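> Mind having a look at this structure? Questions to follow.
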Amino acid sequence: MKRLHVRRGDTVYVNAGSYRGTKGKVLQVFPEKERAIVEGVNMVAKHTKPSAQNPQGGIIRKEAPIHVSNLMLLDPETGKPTRIGRRRNEAGKLVRYSKKSNKEIK
């Protein structure tokens with residue numbers, strides 16, 4: 001399984017597709033499929049049958065997964081899209097850092 005550059009809770013920039021230029025928060029990540037669900041991005045219409053939770057049924061708009069290659073992490077300092085790298089910090093723990101500002105990402 002490949003290690004991804006995005007994690008749940010990260011703020012990302014969409015750099016390709018019909019939602020290009022959109023910023024959003026990562027809600028869920030699927031490492032085995034290399035996809036992520038981003039808040040407000042790749043909205044699809046899902047038709048639902050009436051159920052106990054939704055007695056009316058109808059059409060629900062929800063986010064669909066988007067490939068992680070179309071996402072860039074936002075730099076915590078400048079707020080602009082950046083590539084990330086991995087390095088060991090003083091405690092010897094592997095951490096992500098922004099290649100644009102050279103700052104550690106949470």
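Residues in the structure tokens are numbered from 1 in each chain, the chains being A, B, ... in the order shown, and ligands are numbered from 1 in the order shown.
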Env of Val26 in chain A: 7 Å cut, atoms = only C-alpha atoms, seq-sep filter 2 positions within chain, self excluded. Answer as a PyMOL selection string.
chain A and resi 7-11+24+28+36-39
> Create the file for the chosen residues now, containing N, CA and C atoms and written as a PDB file, in the first residue's frame.

```pdb
ATOM      1  N   ARG A   7      -3.772  13.519   4.363  1.00  0.00           N
ATOM      2  CA  ARG A   7      -4.376  12.801   5.479  1.00  0.00           C
ATOM      3  C   ARG A   7      -5.721  13.443   5.799  1.00  0.00           C
ATOM      4  N   ARG A   8      -6.535  12.720   6.558  1.00  0.00           N
ATOM      5  CA  ARG A   8      -7.828  13.254   6.972  1.00  0.00           C
ATOM      6  C   ARG A   8      -7.597  14.518   7.803  1.00  0.00           C
ATOM      7  N   GLY A   9      -8.349  15.572   7.504  1.00  0.00           N
ATOM      8  CA  GLY A   9      -8.232  16.829   8.234  1.00  0.00           C
ATOM      9  C   GLY A   9      -7.358  17.863   7.537  1.00  0.00           C
ATOM     10  N   ASP A  10      -6.561  17.453   6.532  1.00  0.00           N
ATOM     11  CA  ASP A  10      -5.723  18.396   5.786  1.00  0.00           C
ATOM     12  C   ASP A  10      -6.586  19.304   4.920  1.00  0.00           C
ATOM     13  N   THR A  11      -6.093  20.521   4.687  1.00  0.00           N
ATOM     14  CA  THR A  11      -6.731  21.422   3.743  1.00  0.00           C
ATOM     15  C   THR A  11      -5.965  21.312   2.437  1.00  0.00           C
ATOM     16  N   GLY A  24     -10.525  22.732  -0.037  1.00  0.00           N
ATOM     17  CA  GLY A  24     -11.439  22.024   0.854  1.00  0.00           C
ATOM     18  C   GLY A  24     -10.698  21.170   1.851  1.00  0.00           C
ATOM     19  N   GLN A  28     -12.110  12.006   4.225  1.00  0.00           N
ATOM     20  CA  GLN A  28     -11.800  10.586   4.316  1.00  0.00           C
ATOM     21  C   GLN A  28     -10.766  10.237   3.255  1.00  0.00           C
ATOM     22  N   ALA A  36      -9.415  10.229  -2.205  1.00  0.00           N
ATOM     23  CA  ALA A  36      -9.818  10.936  -0.995  1.00  0.00           C
ATOM     24  C   ALA A  36     -11.135  11.657  -1.255  1.00  0.00           C
ATOM     25  N   ILE A  37     -11.900  11.836  -0.189  1.00  0.00           N
ATOM     26  CA  ILE A  37     -13.134  12.614  -0.274  1.00  0.00           C
ATOM     27  C   ILE A  37     -12.830  13.991   0.307  1.00  0.00           C
ATOM     28  N   VAL A  38     -13.085  15.028  -0.497  1.00  0.00           N
ATOM     29  CA  VAL A  38     -12.812  16.406  -0.098  1.00  0.00           C
ATOM     30  C   VAL A  38     -14.136  17.146   0.016  1.00  0.00           C
ATOM     31  N   GLU A  39     -14.275  17.918   1.079  1.00  0.00           N
ATOM     32  CA  GLU A  39     -15.502  18.658   1.371  1.00  0.00           C
ATOM     33  C   GLU A  39     -15.858  19.609   0.223  1.00  0.00           C
TER      34      GLU A  39
END
```
> Write out as a list of chain:residue names the residues lying within 12 Å of Tyr19 in chain A, counting only C-alpha atoms and excluding same-chain residues fewer than 6 positions away.
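Contacts, in chain order: A:Tyr13, A:Val38, A:Glu39, A:Gly40, A:Val41, A:Asn42, A:Met43, A:Glu63, A:Ile66, A:Asn70, A:Leu71.
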> Name all residues at most 9 Å from Lys106 in chain A (count only C-alpha atoms; drop same-chain ones fewer than 6 positions away) and give them as a tab-separated table (two decimals) with C-alpha atoms, in the first residue's frame.

```tsv
chain	number	residue	atom	x	y	z
A	76	PRO	CA	0.44	26.14	6.58
A	95	VAL	CA	7.23	14.11	9.70
A	96	ARG	CA	5.85	15.83	6.61
A	97	TYR	CA	7.19	19.26	5.66
```
> Excluding Glu34 in chain A and its own-chain neighbours fewer than 3 positions away, which residues fall within 8 Å of it when counting only C-alpha atoms? Please give them as a PyMOL selection string.
chain A and resi 2+4+29-31+67-68
> Go ahead and save the picked residues with N, CA, C and O atoms, as an mmCIF file, in the first residue's frame.

```cif
data_model
loop_
_atom_site.group_PDB
_atom_site.id
_atom_site.type_symbol
_atom_site.label_atom_id
_atom_site.label_comp_id
_atom_site.auth_asym_id
_atom_site.auth_seq_id
_atom_site.Cartn_x
_atom_site.Cartn_y
_atom_site.Cartn_z
ATOM 1 N N LYS A 2 0.590 2.173 -0.857
ATOM 2 C CA LYS A 2 1.396 3.373 -1.018
ATOM 3 C C LYS A 2 1.085 4.395 0.076
ATOM 4 O O LYS A 2 -0.064 4.572 0.468
ATOM 5 N N LEU A 4 0.445 8.044 1.237
ATOM 6 C CA LEU A 4 -0.090 9.204 0.532
ATOM 7 C C LEU A 4 0.378 10.514 1.166
ATOM 8 O O LEU A 4 0.740 10.547 2.338
ATOM 9 N N VAL A 29 -9.872 9.277 3.570
ATOM 10 C CA VAL A 29 -8.832 8.857 2.638
ATOM 11 C C VAL A 29 -8.922 7.352 2.437
ATOM 12 O O VAL A 29 -9.137 6.603 3.388
ATOM 13 N N PHE A 30 -8.764 6.906 1.181
ATOM 14 C CA PHE A 30 -8.762 5.487 0.842
ATOM 15 C C PHE A 30 -7.398 5.143 0.238
ATOM 16 O O PHE A 30 -7.221 5.204 -0.974
ATOM 17 N N PRO A 31 -6.403 4.768 1.069
ATOM 18 C CA PRO A 31 -5.045 4.530 0.565
ATOM 19 C C PRO A 31 -4.967 3.404 -0.463
ATOM 20 O O PRO A 31 -4.183 3.485 -1.404
ATOM 21 N N HIS A 67 -9.101 11.384 -7.081
ATOM 22 C CA HIS A 67 -7.760 10.799 -7.034
ATOM 23 C C HIS A 67 -6.792 11.766 -6.358
ATOM 24 O O HIS A 67 -6.848 12.975 -6.585
ATOM 25 N N VAL A 68 -5.881 11.235 -5.512
ATOM 26 C CA VAL A 68 -4.977 12.090 -4.743
ATOM 27 C C VAL A 68 -3.961 12.821 -5.610
ATOM 28 O O VAL A 68 -3.400 13.830 -5.185
#
```
> If you count only C-alpha atoms, which residues fall within 8 Å of Ser101 in chain A, apart from same-chain ones fewer than 4 positions away, as a count of residues only?
3
> Can you pull out every residue from chain A that DSSP, working from the backbone, puts in strand (DSSP E or B), and format the result as a PyMOL selection string?
chain A and resi 11-14+23-30+35-38+43-48+58-63+66-67+71-74+81-82+84-88+94-98+104-105
> Just the number, please: distance in Å from CA of Leu74 in chain A to CA of Ala45 in chain A, one decimal.
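Computed distance, CA of Leu74 in chain A to CA of Ala45 in chain A, equals 28.1 Å.
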